[in-house]
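This is upload31.tsv (TSV, C-alpha atoms and all ligand atoms).
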chain	number	residue	atom	x	y	z
Q	1	MET	CA	56.58	-90.95	15.79
Q	2	LYS	CA	58.71	-87.80	15.53
Q	3	LYS	CA	56.84	-86.73	12.39
Q	4	LYS	CA	53.52	-87.27	14.12
Q	5	SER	CA	54.40	-85.10	17.11
Q	6	LEU	CA	55.75	-82.39	14.81
Q	7	ALA	CA	52.48	-82.37	12.86
Q	8	PHE	CA	50.60	-82.27	16.14
Q	9	ALA	CA	52.68	-79.30	17.34
Q	10	VAL	CA	52.06	-77.49	14.06
Q	11	ILE	CA	48.31	-78.05	14.34
Q	12	ILE	CA	48.31	-76.76	17.93
Q	13	CYS	CA	50.30	-73.69	16.85
Q	14	VAL	CA	47.92	-72.98	13.96
Q	15	MET	CA	44.93	-73.34	16.28
Q	16	LEU	CA	46.47	-71.05	18.90
Q	17	PHE	CA	47.41	-68.47	16.32
Q	18	GLY	CA	43.92	-68.71	14.81
Q	19	ALA	CA	42.29	-68.25	18.21
Q	20	LEU	CA	44.49	-65.23	18.99
Q	21	PHE	CA	43.82	-63.73	15.58
Q	22	TYR	CA	40.08	-64.26	15.95
Q	23	ARG	CA	40.10	-62.78	19.43
Q	24	ASN	CA	42.06	-59.76	18.24
Q	25	LEU	CA	39.66	-59.24	15.37
Q	26	TRP	CA	36.74	-59.42	17.73
Q	27	GLU	CA	38.34	-57.14	20.28
Q	28	ASN	CA	39.05	-54.52	17.63
Q	29	LYS	CA	35.48	-54.62	16.38
Q	30	GLY	CA	33.89	-54.30	19.80
Q	31	PHE	CA	30.19	-54.23	20.64
Q	32	GLU	CA	28.16	-51.05	20.12
Q	33	ARG	CA	24.61	-49.98	20.85
Q	34	THR	CA	22.79	-46.69	20.23
Q	35	GLU	CA	19.49	-45.68	21.82
Q	36	PHE	CA	17.53	-42.46	22.07
Q	37	LEU	CA	17.63	-41.38	25.68
Q	38	PHE	CA	18.08	-38.08	27.57
Q	39	ASP	CA	16.47	-36.51	24.50
Q	40	THR	CA	19.54	-37.37	22.41
Q	41	GLN	CA	21.39	-40.22	20.65
Q	42	CYS	CA	23.29	-42.25	23.24
Q	43	THR	CA	25.99	-44.67	22.10
Q	44	VAL	CA	27.98	-47.08	24.24
Q	45	LYS	CA	30.79	-49.11	22.70
Q	46	ALA	CA	33.02	-51.62	24.48
Q	47	TYR	CA	35.88	-53.89	23.49
Q	48	GLY	CA	37.14	-57.19	24.85
Q	49	ASP	CA	35.61	-59.95	26.95
Q	50	ASN	CA	32.10	-59.33	28.21
Q	51	ALA	CA	31.64	-56.36	25.86
Q	52	GLN	CA	28.03	-57.12	25.01
Q	53	LYS	CA	26.92	-57.86	28.57
Q	54	ALA	CA	28.78	-54.76	29.78
Q	55	VAL	CA	27.10	-52.49	27.22
Q	56	GLU	CA	23.68	-53.89	28.14
Q	57	ALA	CA	24.34	-53.30	31.84
Q	58	ALA	CA	25.61	-49.78	31.09
Q	59	PHE	CA	22.31	-49.02	29.31
Q	60	ASP	CA	20.35	-50.37	32.30
Q	61	ARG	CA	22.21	-47.81	34.42
Q	62	LEU	CA	21.55	-45.02	31.92
Q	63	TYR	CA	17.81	-45.80	31.98
Q	64	GLU	CA	17.83	-45.86	35.78
Q	65	ILE	CA	19.41	-42.38	35.92
Q	66	HIS	CA	17.10	-41.09	33.22
Q	67	ARG	CA	14.04	-42.32	35.14
Q	68	ALA	CA	15.20	-40.51	38.27
Q	69	THR	CA	16.11	-37.23	36.61
Q	70	ASP	CA	13.60	-36.80	33.76
Q	71	PHE	CA	12.02	-33.34	34.04
Q	72	PHE	CA	9.00	-34.37	31.96
Q	73	SER	CA	8.04	-37.63	33.65
Q	74	GLU	CA	5.67	-37.39	36.61
Q	75	ASP	CA	7.37	-40.45	38.15
Q	76	SER	CA	10.86	-38.95	38.39
Q	77	GLN	CA	12.50	-37.72	41.58
Q	78	VAL	CA	12.86	-34.35	39.91
Q	79	ALA	CA	9.06	-34.22	39.41
Q	80	THR	CA	8.52	-35.11	43.07
Q	81	ILE	CA	10.70	-32.16	44.06
Q	82	ASN	CA	9.02	-29.87	41.54
Q	83	ASN	CA	5.52	-30.82	42.73
Q	84	ALA	CA	6.42	-30.49	46.42
Q	85	ALA	CA	4.92	-27.84	48.66
Q	86	GLN	CA	6.88	-25.01	50.27
Q	87	GLY	CA	9.17	-26.46	52.96
Q	88	GLU	CA	8.14	-30.07	52.32
Q	89	ALA	CA	11.10	-32.46	52.71
Q	90	VAL	CA	11.66	-34.66	49.66
Q	91	ILE	CA	14.09	-37.51	50.26
Q	92	VAL	CA	16.10	-38.17	47.13
Q	93	GLU	CA	17.89	-41.36	46.08
Q	94	PRO	CA	21.69	-41.60	45.63
Q	95	HIS	CA	21.88	-40.75	41.89
Q	96	VAL	CA	19.96	-37.52	42.45
Q	97	GLN	CA	21.96	-36.80	45.62
Q	98	ASN	CA	25.22	-37.11	43.68
Q	99	ILE	CA	24.03	-34.82	40.91
Q	100	ILE	CA	22.64	-32.16	43.25
Q	101	THR	CA	25.83	-32.20	45.35
Q	102	ALA	CA	28.05	-31.49	42.32
Q	103	ALA	CA	25.54	-29.01	40.87
Q	104	LEU	CA	25.50	-26.94	44.07
Q	105	ASP	CA	29.28	-27.11	44.28
Q	106	VAL	CA	29.68	-25.70	40.75
Q	107	SER	CA	26.87	-23.22	41.40
Q	108	LYS	CA	28.77	-21.73	44.33
Q	109	ALA	CA	32.12	-21.77	42.53
Q	110	SER	CA	30.60	-20.09	39.45
Q	111	LEU	CA	28.73	-17.49	41.54
Q	112	GLY	CA	25.42	-18.73	40.21
Q	113	ALA	CA	26.26	-19.10	36.50
Q	114	PHE	CA	25.32	-22.76	36.86
Q	115	ASP	CA	21.98	-23.05	38.60
Q	116	ILE	CA	19.57	-26.01	38.61
Q	117	THR	CA	16.74	-23.71	39.72
Q	118	VAL	CA	16.61	-22.19	36.21
Q	119	ALA	CA	13.73	-24.59	35.48
Q	120	PRO	CA	10.92	-21.96	35.52
Q	121	LEU	CA	12.95	-19.86	33.05
Q	122	VAL	CA	13.75	-22.85	30.79
Q	123	SER	CA	10.03	-23.70	30.72
Q	124	LEU	CA	9.12	-20.13	29.70
Q	125	TRP	CA	11.39	-20.31	26.63
Q	126	ASP	CA	9.93	-23.75	25.74
Q	127	PHE	CA	13.16	-25.10	24.24
Q	128	SER	CA	11.89	-28.66	24.19
Q	129	GLY	CA	8.72	-27.58	22.34
Q	130	GLU	CA	8.22	-24.99	19.61
Q	131	GLY	CA	10.23	-22.30	21.37
Q	132	ARG	CA	8.78	-18.91	22.34
Q	133	VAL	CA	10.11	-15.53	23.43
Q	134	PRO	CA	8.57	-14.74	26.84
Q	135	LYS	CA	7.42	-11.30	27.98
Q	136	GLU	CA	9.81	-9.41	30.28
Q	137	THR	CA	7.22	-9.56	33.10
Q	138	GLU	CA	7.11	-13.37	32.82
Q	139	ILE	CA	10.90	-13.44	33.04
Q	140	SER	CA	11.03	-11.21	36.11
Q	141	ASP	CA	8.31	-13.32	37.79
Q	142	ALA	CA	10.33	-16.50	37.10
Q	143	LEU	CA	13.56	-14.86	38.31
Q	144	ALA	CA	11.91	-14.43	41.73
Q	145	TYR	CA	11.94	-18.24	42.06
Q	146	THR	CA	15.48	-18.74	40.71
Q	147	GLY	CA	18.66	-19.10	42.77
Q	148	ILE	CA	20.13	-21.89	44.86
Q	149	ASP	CA	19.28	-19.97	48.02
Q	150	LYS	CA	15.64	-21.00	47.21
Q	151	ILE	CA	16.42	-24.68	47.91
Q	152	SER	CA	18.05	-26.41	50.85
Q	153	PHE	CA	19.76	-29.76	50.72
Q	154	ASP	CA	20.02	-31.17	54.26
Q	155	GLU	CA	21.78	-34.30	55.45
Q	156	LYS	CA	22.74	-34.81	51.80
Q	157	ASN	CA	19.39	-36.38	50.94
Q	158	LYS	CA	16.56	-33.98	51.81
Q	159	VAL	CA	15.52	-31.27	49.40
Q	160	ARG	CA	13.27	-28.45	50.55
Q	161	LYS	CA	12.03	-25.46	48.56
Q	162	ALA	CA	11.54	-21.94	49.85
Q	163	PHE	CA	8.46	-21.53	47.63
Q	164	LYS	CA	6.14	-24.00	45.97
Q	165	GLU	CA	6.94	-22.39	42.58
Q	166	VAL	CA	10.66	-23.25	42.77
Q	167	LYS	CA	11.57	-26.02	40.32
Q	168	ILE	CA	14.79	-27.77	39.41
Q	169	ASP	CA	16.12	-28.93	36.04
Q	170	LEU	CA	19.06	-31.36	36.02
Q	171	GLY	CA	19.42	-31.11	32.20
Q	172	GLY	CA	22.82	-29.41	32.52
Q	173	ALA	CA	24.33	-32.20	34.66
Q	174	ALA	CA	22.43	-35.51	34.36
Q	175	LYS	CA	24.05	-36.70	31.12
Q	176	GLY	CA	27.48	-35.99	32.56
Q	177	TYR	CA	26.68	-38.07	35.63
Q	178	ALA	CA	25.14	-40.81	33.48
Q	179	ALA	CA	28.34	-41.04	31.43
Q	180	ASP	CA	30.41	-41.46	34.63
Q	181	GLU	CA	28.07	-44.19	35.83
Q	182	ALA	CA	28.11	-46.01	32.47
Q	183	ILE	CA	31.92	-46.02	32.61
Q	184	ARG	CA	31.77	-47.34	36.18
Q	185	VAL	CA	29.57	-50.27	35.06
Q	186	LEU	CA	31.77	-51.02	32.03
Q	187	THR	CA	34.84	-51.04	34.27
Q	188	GLU	CA	33.14	-53.43	36.73
Q	189	TYR	CA	32.53	-55.82	33.82
Q	190	GLY	CA	36.26	-55.81	33.09
Q	191	VAL	CA	36.12	-54.70	29.47
Q	192	LEU	CA	39.36	-53.88	27.69
Q	193	GLY	CA	38.22	-50.39	26.75
Q	194	ALA	CA	35.01	-48.44	26.21
Q	195	ILE	CA	33.60	-45.16	24.96
Q	196	VAL	CA	30.28	-43.60	25.92
Q	197	ASP	CA	28.76	-40.76	23.89
Q	198	LEU	CA	25.63	-39.12	25.29
Q	199	GLY	CA	25.08	-36.34	22.76
Q	200	GLY	CA	28.07	-34.12	23.49
Q	201	ASN	CA	29.09	-35.86	26.72
Q	202	ILE	CA	31.87	-38.29	25.83
Q	203	SER	CA	33.68	-40.49	28.33
Q	204	CYS	CA	36.18	-43.26	27.81
Q	205	MET	CA	38.21	-45.82	29.75
Q	206	GLY	CA	40.85	-48.48	29.15
Q	207	GLN	CA	42.51	-49.28	25.86
Q	208	ASN	CA	41.33	-48.19	22.44
Q	209	PRO	CA	42.32	-51.28	20.43
Q	210	ASN	CA	42.17	-49.29	17.19
Q	211	THR	CA	45.01	-46.89	17.95
Q	212	LYS	CA	48.70	-47.77	18.37
Q	213	ASP	CA	49.01	-45.94	21.69
Q	214	GLY	CA	45.62	-47.14	23.00
Q	215	LYS	CA	44.38	-43.53	23.34
Q	216	TRP	CA	40.94	-42.29	22.36
Q	217	ARG	CA	40.60	-39.53	19.79
Q	218	ILE	CA	37.61	-37.23	20.20
Q	219	GLY	CA	36.75	-34.64	17.58
Q	220	LEU	CA	35.46	-31.23	18.60
Q	221	GLN	CA	32.74	-30.39	16.10
Q	222	LYS	CA	32.85	-27.12	14.19
Q	223	PRO	CA	29.83	-25.15	15.47
Q	224	PHE	CA	26.90	-25.13	13.00
Q	225	SER	CA	28.78	-27.35	10.51
Q	226	ALA	CA	26.22	-29.22	8.39
Q	227	THR	CA	28.67	-32.04	7.68
Q	228	GLY	CA	29.83	-32.42	11.30
Q	229	GLU	CA	33.42	-31.37	10.47
Q	230	TYR	CA	35.98	-31.37	13.28
Q	231	ASP	CA	37.85	-28.30	14.41
Q	232	GLU	CA	40.25	-30.09	16.68
Q	233	ILE	CA	40.99	-33.63	17.85
Q	234	ILE	CA	41.48	-34.27	21.56
Q	235	GLU	CA	43.49	-37.34	22.57
Q	236	ILE	CA	42.91	-38.84	25.99
Q	237	LYS	CA	43.62	-42.09	27.81
Q	238	SER	CA	40.53	-41.90	29.98
Q	239	GLY	CA	38.12	-39.28	31.26
Q	240	ALA	CA	35.48	-36.96	29.87
Q	241	VAL	CA	35.14	-34.48	27.02
Q	242	VAL	CA	31.94	-32.47	27.44
Q	243	THR	CA	30.63	-29.76	25.15
Q	244	SER	CA	27.86	-27.22	25.80
Q	245	GLY	CA	26.91	-25.31	22.71
Q	246	THR	CA	24.34	-23.03	21.18
Q	247	TYR	CA	24.02	-25.18	18.06
Q	248	GLN	CA	22.61	-28.30	19.76
Q	249	ARG	CA	19.29	-26.92	20.89
Q	250	TYR	CA	17.88	-23.61	19.78
Q	251	PHE	CA	14.93	-22.02	17.98
Q	252	GLU	CA	14.66	-19.06	15.62
Q	253	LYS	CA	12.14	-16.18	15.87
Q	254	ASP	CA	12.20	-13.16	13.55
Q	255	GLY	CA	15.67	-14.02	12.29
Q	256	LYS	CA	17.19	-14.31	15.77
Q	257	LYS	CA	18.50	-17.53	17.30
Q	258	TYR	CA	17.62	-18.36	20.91
Q	259	HIS	CA	19.63	-21.20	22.47
Q	260	HIS	CA	19.03	-23.23	25.62
Q	261	ILE	CA	21.82	-22.06	27.94
Q	262	ILE	CA	20.24	-19.50	30.24
Q	263	ASP	CA	22.09	-16.80	32.11
Q	264	PRO	CA	20.39	-17.09	35.53
Q	265	LYS	CA	21.07	-13.38	36.18
Q	266	THR	CA	19.09	-12.11	33.19
Q	267	GLY	CA	16.73	-15.01	32.48
Q	268	HIS	CA	17.73	-14.83	28.80
Q	269	PRO	CA	19.94	-17.15	26.74
Q	270	ALA	CA	23.57	-16.20	27.52
Q	271	GLU	CA	24.79	-14.06	24.59
Q	272	ARG	CA	28.45	-14.75	23.99
Q	273	GLU	CA	30.98	-14.31	21.18
Q	274	TYR	CA	31.66	-18.08	21.00
Q	275	SER	CA	29.27	-20.94	20.14
Q	276	SER	CA	30.54	-23.73	22.33
Q	277	VAL	CA	32.59	-24.57	25.39
Q	278	THR	CA	34.34	-27.91	25.81
Q	279	ILE	CA	35.67	-29.19	29.12
Q	280	VAL	CA	38.18	-32.02	29.37
Q	281	ALA	CA	38.37	-33.57	32.85
Q	282	GLN	CA	38.41	-36.89	34.65
Q	283	ASN	CA	34.90	-36.54	36.07
Q	284	SER	CA	32.10	-36.13	33.55
Q	285	LEU	CA	29.48	-34.88	36.04
Q	286	TYR	CA	31.68	-31.93	37.00
Q	287	ALA	CA	32.74	-31.44	33.38
Q	288	ASP	CA	29.06	-31.15	32.37
Q	289	CYS	CA	28.24	-28.58	35.06
Q	290	LEU	CA	31.43	-26.68	34.26
Q	291	ALA	CA	30.77	-26.59	30.49
Q	292	THR	CA	27.40	-24.92	31.08
Q	293	ALA	CA	28.77	-22.64	33.83
Q	294	CYS	CA	31.77	-21.51	31.77
Q	295	PHE	CA	29.56	-20.84	28.76
Q	296	VAL	CA	27.51	-18.43	30.87
Q	297	MET	CA	30.52	-16.82	32.58
Q	298	GLY	CA	32.48	-15.74	29.50
Q	299	GLU	CA	36.01	-16.56	28.43
Q	300	GLU	CA	38.09	-14.95	31.18
Q	301	ASP	CA	36.06	-16.10	34.20
Q	302	GLY	CA	35.32	-19.44	32.52
Q	303	ARG	CA	39.02	-20.21	32.09
Q	304	ALA	CA	39.67	-19.34	35.74
Q	305	LEU	CA	36.82	-21.58	36.93
Q	306	ALA	CA	37.98	-24.53	34.80
Q	307	GLU	CA	41.50	-24.09	36.14
Q	308	ASN	CA	40.17	-24.16	39.73
Q	309	PHE	CA	38.68	-27.57	39.02
Q	310	GLY	CA	41.84	-28.82	37.24
Q	311	ALA	CA	40.00	-29.05	33.91
Q	312	GLU	CA	41.06	-28.08	30.38
Q	313	ILE	CA	38.76	-25.71	28.50
Q	314	TYR	CA	38.20	-24.86	24.83
Q	315	PHE	CA	36.06	-22.03	23.46
Q	316	LYS	CA	34.91	-22.32	19.80
V	401	LIG	P1	23.20	-30.21	26.65
V	401	LIG	O1	21.97	-30.60	27.40
V	401	LIG	O2	22.95	-29.89	25.24
V	401	LIG	O3	24.32	-31.15	26.87
V	401	LIG	P2	24.07	-28.36	28.69
V	401	LIG	O4	24.83	-29.36	29.45
V	401	LIG	O5	24.72	-27.03	28.50
V	401	LIG	O6	23.68	-28.83	27.24
V	401	LIG	O7	22.71	-28.17	29.46
V	401	LIG	C1	21.77	-27.27	29.03
V	401	LIG	C2	20.50	-27.62	29.75
V	401	LIG	O8	20.67	-27.33	31.15
V	401	LIG	C3	19.33	-26.81	29.29
V	401	LIG	O9	18.59	-27.49	28.32
V	401	LIG	C4	18.56	-26.58	30.57
V	401	LIG	O10	17.76	-27.72	30.82
V	401	LIG	C5	19.63	-26.52	31.63
V	401	LIG	N1	20.22	-25.18	31.82
V	401	LIG	C6	20.15	-24.08	31.02
V	401	LIG	N2	20.84	-23.05	31.55
V	401	LIG	C7	21.38	-23.51	32.71
V	401	LIG	C8	22.19	-22.91	33.72
V	401	LIG	N3	22.62	-21.66	33.65
V	401	LIG	N4	22.53	-23.69	34.78
V	401	LIG	C9	22.11	-24.97	34.88
V	401	LIG	N5	21.35	-25.59	33.97
V	401	LIG	C10	20.99	-24.87	32.89
V	402	MG	MG	26.21	-29.07	30.98
What is this structure when it is put down as structure tokens?
Amino acid sequence: MKKKSLAFAVIICVMLFGALFYRNLWENKGFERTEFLFDTQCTVKAYGDNAQKAVEAAFDRLYEIHRATDFFSEDSQVATINNAAQGEAVIVEPHVQNIITAALDVSKASLGAFDITVAPLVSLWDFSGEGRVPKETEISDALAYTGIDKISFDEKNKVRKAFKEVKIDLGGAAKGYAADEAIRVLTEYGVLGAIVDLGGNISCMGQNPNTKDGKWRIGLQKPFSATGEYDEIIEIKSGAVVTSGTYQRYFEKDGKKYHHIIDPKTGHPAEREYSSVTIVAQNSLYADCLATACFVMGEEDGRALAENFGAEIYFK
């Protein structure tokens, strides 16, 4: 009888150990999915219970935000604003409200270095197409419709434009917001830990089961490195690491590179001595706006702005 219960106890122990080992193995492997969205590779990876369901739900949220903010789709909220007449009130849904609120906040704090009304200028340079160098007269015409004083945002949900020609582009902020929202969904699903990478906008939460201290290690890419070498590794428990750089999207004409971060004062790509700016902060939406803003502002003013928002900043 004694022998039997001992054997039984051993079997139970082996089964328990096996289950724990299997669970650990599974948790460390996680569930990962990559899709092309926001004009870039988007990867969401989660660990622990519910990982797969959580990643799928996170992608649903990413698609929802993409649909609302896509500059090129006629069905987006951004298109509705851009097609609106002078003074017409366009009521925007909560995702777009959240993005515009942060964008205007960073616009004011950066004295216009970040500006969602750069859309007419961005279109002139055709960064998402072949790329072209516009005439100075085209740039000065577009500058007349640039500036956040050309839009009003009343009762936190109504957008009105001072001229029909004013257009907005949420390309400098939407991915940051989407990363925050993906993390929110993953957290709601109760995953152990997760990392979201939306082409340069990285956010993470919870435990990284593959490091001893549970932290996430995020490499800052060497600008223009063909092999994707890292310059520096950032370790964080949770939060966002967002990079805006000249090497992600640019075109070349007559031996000169033209990148997609526009200085709203000149209408030209911001010419700076560095190639990228990385912001480390808790909130990815703000980090995204700040990365673009600080790139335009230059090192001294950029550092001061990041500090105002309690964010870390790296120039490369
Ligand atoms: P990425 O899209 O590569 O992550 P950014 O976050 O820096 O890079 O956003 C750049 C995009 O934001 C551009 O492609 C354009 O759509 C828009 N943009 C360019 N210049 C500005 C600016 N000064 N303020 C706000 N948005 C900008
Ligand atoms: Mg940005």
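Rounded to one decimal, atom CA of Q:His259 and atom CA of Q:Glu64 lie 28.1 Å from each other.
Taking atom CA of Q:Trp216 and atom CA of Q:Val55 as endpoints, the distance between them is 17.9 Å.
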Inset, instruction - Find the residues near ligand MG 402 (chain V). Use a cut-off of 6 Å, count only C-alpha atoms and all ligand atoms, and write them as a VMD selection string. - result: chain Q and resid 172 to 173 244 288 to 289 291 to 292
Inset, instruction - May I have the protein, DNA and RNA residues with an atom at most 9 Å from (23.8, -52.0, 25.5), counting all atoms listed in the file in the file's coordinates, returned as a ChimeraX atom specification? - result: /Q:31-35,43-45,51-60
Inset, instruction - Might you pull out every residue within 8 Å of Q:Thr101, with only C-alpha atoms counted and same-chain residues fewer than 4 positions away left off, and present them as a PyMOL selection string? - result: chain Q and resi 97+105+156
Inset, instruction - Pick out the residues no farther than 6 Å from ligand LIG 401 (chain V), counting only C-alpha atoms and all ligand atoms, and list them as number ranges by chain. - result: Q: 113-116, 169, 171-173, 200, 244, 248, 260-264, 288, 292
Legend entry - Counting all atoms listed in the file, the residue of Q:Gly199, Q:Gly112, Q:Pro120, Q:Gly129 that sits nearest Q:Thr40: Q:Gly199
Inset, instruction - List the neighbours of Q:Tyr286 out to 8 Å using all atoms listed in the file; skip same-chain residues closer than 2 positions along the sequence, and give me the result as a PyMOL selection string. - result: chain Q and resi 102-103+106+173+176+283-284+288-290
Inset, instruction - Do a neighbour search on Q:Thr146 at 7 Å with all atoms listed in the file, toss out local chain neighbours closer than 4 positions, and write the hits as a PyMOL selection string. - result: chain Q and resi 117-118+142+150+166
Inset, instruction - Choose the residue, out of Q:Leu124, Q:Ala162, Q:Ala109, Q:Ile195, that has the smallest atom-to-atom separation from Q:Asp301; count all atoms listed in the file. - result: Q:Ala109
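Compared by their closest atoms to Q:Asn201, and using all atoms listed in the file, the residues Q:Gln41, Q:Asn83, Q:Ser5, Q:Asn308 rank with Q:Gln41 nearest.
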Inset, instruction - Kindly indicate which residue among Q:Asp231, Q:Asn28, Q:Ala311, Q:Arg303 lies nearest to Q:Lys212, using all atoms listed in the file for the distances. - result: Q:Asn28
Give the padded box for stretch 2-12 of chain Q as lines of an AutoDock Vina configuration file: axis-aligned, covering all atoms listed in the file, 6 Å on each side, centre and edge lengths in Å to one decimal.
center_x = 53.5
center_y = -82.3
center_z = 15.2
size_x = 22.4
size_y = 23.0
size_z = 17.5
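Across Q:Tyr145, Q:Ile151, Q:Ser73, Q:Asp39, the tightest approach to Q:Val90 is made by Q:Ile151 when counting only C-alpha atoms.
Shortest atom-to-atom contact with Q:Asp149 among Q:Ala89, Q:Glu307, Q:Lys161, Q:Phe72: Q:Lys161, counting all atoms listed in the file.
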Restrict the calculation to only C-alpha atoms, then for each residue of stretch 194-253 of chain Q with any atom at most 7 Å from an atom of stretch 267-278 of chain Q give the closest atom pair and their distance in Å to one decimal, rows by chain and rising residue number, as a tab-separated table.
residue	atom	partner	partner_atom	distance
Q:Pro223	CA	Q:Ser275	CA	6.3
Q:Val241	CA	Q:Thr278	CA	6.7
Q:Val242	CA	Q:Thr278	CA	5.4
Q:Thr243	CA	Q:Thr278	CA	4.2
Q:Ser244	CA	Q:Val277	CA	5.4
Q:Gly245	CA	Q:Ser276	CA	4.0
Q:Thr246	CA	Q:Ser275	CA	5.5
